[in-house]
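Visitor: There's a structure below that I have some questions on.
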Amino acid sequence: MSFVLNALTCALGLLYFIRRGKQCLDFTVTVHFFHLLGCWFYSSRFPSALTWWLVQAVCIALMAVIGEYLCMRSELKEIPLNSAPKSSV
């Protein structure tokens with residue numbers, strides 16, 4: 001459950017730090033790759049449990065999809081146009 005909650009909070013991080021929908025998957029995979037390296041270094045062996053890999057796959061999917069949804073939603077907001085007349089020169 002903590003991995004899923006972490007994926008949700010990281011999706012919010014994608015919204016505030018990345019802000020581009022197309023870069024969400026790249027950043028998500030990069031973060032999880034560094035997590036894999038950290039786990040490998042810490043335990044001195046490559047993670048081989050099937051449940052570990054399934055949890056990571058679910059978290060990657062959640063983080064990427066929710067992050068991309070949030071980023072796309074913010075990208076599609078209307079751009080306010082100032083309709084005030086310019087001063088004539």
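Chain lettering (A, B, ...) mirrors the order of the structure tokens, residue numbering begins at 1 for each chain separately, and ligand numbering begins at 1 in order of display.
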Please run DSSP on the backbone and report, as a VMD selection string, all residues within stretch 2-84 of chain A that come out as helix (DSSP H, G or I).
Guide: chain A and resid 2 to 18 21 to 43 50 to 75
Visitor: Excluding same-chain residues fewer than 3 positions from stretch 6-9 of chain A, what lies within 8 Å of it counting only C-alpha atoms, as a list of chain:residue names?
Guide: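 Surrounding residues, per the criterion: A:Ser2, A:Phe3, A:Leu12, A:Gly13, A:Cys59, A:Ile60, A:Leu62, A:Met63, A:Ile66.
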Visitor: Please dump the current selection as a short mmCIF file (atom, residue, chain, number, x, y, z; two decimals), in the first residue's frame; keep N, CA and C atoms.
Guide:
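again_24.cif was written with the following content:
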data_model
loop_
_atom_site.label_atom_id
_atom_site.label_comp_id
_atom_site.auth_asym_id
_atom_site.auth_seq_id
_atom_site.Cartn_x
_atom_site.Cartn_y
_atom_site.Cartn_z
N SER A 2 2.00 1.20 0.68
CA SER A 2 2.86 2.38 0.73
C SER A 2 3.45 2.70 -0.64
N PHE A 3 3.72 1.70 -1.46
CA PHE A 3 4.24 1.95 -2.80
C PHE A 3 3.19 2.65 -3.66
N LEU A 12 1.85 13.75 -8.27
CA LEU A 12 1.69 15.18 -7.99
C LEU A 12 3.02 15.91 -8.20
N GLY A 13 4.12 15.25 -7.85
CA GLY A 13 5.43 15.82 -8.10
C GLY A 13 5.69 16.03 -9.58
N CYS A 59 3.15 0.35 -9.85
CA CYS A 59 3.48 1.71 -9.43
C CYS A 59 3.96 2.57 -10.59
N ILE A 60 4.72 1.99 -11.50
CA ILE A 60 5.15 2.73 -12.69
C ILE A 60 3.94 3.13 -13.52
N LEU A 62 0.74 3.44 -12.52
CA LEU A 62 -0.05 4.44 -11.80
C LEU A 62 0.59 5.82 -11.86
N MET A 63 1.86 5.88 -11.57
CA MET A 63 2.55 7.16 -11.53
C MET A 63 2.56 7.82 -12.91
N ILE A 66 -1.38 8.72 -14.02
CA ILE A 66 -1.96 9.80 -13.24
C ILE A 66 -1.16 11.10 -13.44
#
Visitor: Taking only C-alpha atoms into account, name the residue in A:Leu14, A:His32, A:Leu70, A:Cys24 that is nearest to A:Val55.
Guide: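 Answer, going by the shortest atom-to-atom distance: A:His32.
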Visitor: What does the distance between atom CA of A:Leu5 and atom CA of A:Val31 come to in Å, to one decimal place?
Guide: 15.3 Å
Visitor: So the first atom is atom CA of A:Trp52 and the second is atom CA of A:Phe34; what is the distance between them in Å, to one decimal place?
Guide: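 Here the two named atoms are 14.8 Å from each other.
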Visitor: Just to confirm, what's the straight-line distance from atom CA of A:Gly67 to atom CA of A:His35 in Å (one decimal)?
Guide: 18.2 Å
Visitor: Give the answer as one residue: which of A:Phe46, A:Trp53, A:Tyr69, A:Phe33 has the shortest atom-to-atom distance to A:Ala11, using only C-alpha atoms?
Guide: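 Answer, going by the shortest atom-to-atom distance: A:Tyr69.
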Visitor: Within 9 Å of A:Glu68, counting only C-alpha atoms, which residues qualify if same-chain residues fewer than 6 places away don't, as a PyMOL selection string?
Guide: chain A and resi 11+14-15+19-25
Visitor: Any chance you can output those residues with N, CA and C atoms as an mmCIF file, in the first residue's frame?
Guide:
data_model
loop_
_atom_site.group_PDB
_atom_site.id
_atom_site.type_symbol
_atom_site.label_atom_id
_atom_site.label_comp_id
_atom_site.auth_asym_id
_atom_site.auth_seq_id
_atom_site.Cartn_x
_atom_site.Cartn_y
_atom_site.Cartn_z
ATOM 1 N N ALA A 11 3.143 11.331 -8.565
ATOM 2 C CA ALA A 11 2.383 11.853 -9.703
ATOM 3 C C ALA A 11 2.106 13.340 -9.506
ATOM 4 N N LEU A 14 5.207 15.107 -10.400
ATOM 5 C CA LEU A 14 5.348 15.279 -11.848
ATOM 6 C C LEU A 14 4.618 16.532 -12.307
ATOM 7 N N LEU A 15 3.468 16.794 -11.722
ATOM 8 C CA LEU A 15 2.701 17.973 -12.091
ATOM 9 C C LEU A 15 3.465 19.254 -11.756
ATOM 10 N N ARG A 19 5.760 19.110 -15.471
ATOM 11 C CA ARG A 19 4.757 19.943 -16.144
ATOM 12 C C ARG A 19 4.557 19.626 -17.623
ATOM 13 N N ARG A 20 5.130 18.576 -18.127
ATOM 14 C CA ARG A 20 4.942 18.179 -19.521
ATOM 15 C C ARG A 20 4.448 16.743 -19.553
ATOM 16 N N GLY A 21 3.327 16.511 -20.214
ATOM 17 C CA GLY A 21 2.743 15.180 -20.266
ATOM 18 C C GLY A 21 3.623 14.158 -20.960
ATOM 19 N N LYS A 22 4.355 14.604 -21.971
ATOM 20 C CA LYS A 22 5.191 13.669 -22.735
ATOM 21 C C LYS A 22 6.422 13.203 -21.959
ATOM 22 N N GLN A 23 6.827 13.949 -20.945
ATOM 23 C CA GLN A 23 8.020 13.581 -20.187
ATOM 24 C C GLN A 23 7.696 12.759 -18.934
ATOM 25 N N CYS A 24 6.441 12.555 -18.642
ATOM 26 C CA CYS A 24 6.054 11.850 -17.412
ATOM 27 C C CYS A 24 6.546 10.400 -17.405
ATOM 28 N N LEU A 25 6.373 9.692 -18.496
ATOM 29 C CA LEU A 25 6.806 8.293 -18.544
ATOM 30 C C LEU A 25 8.321 8.193 -18.407
#
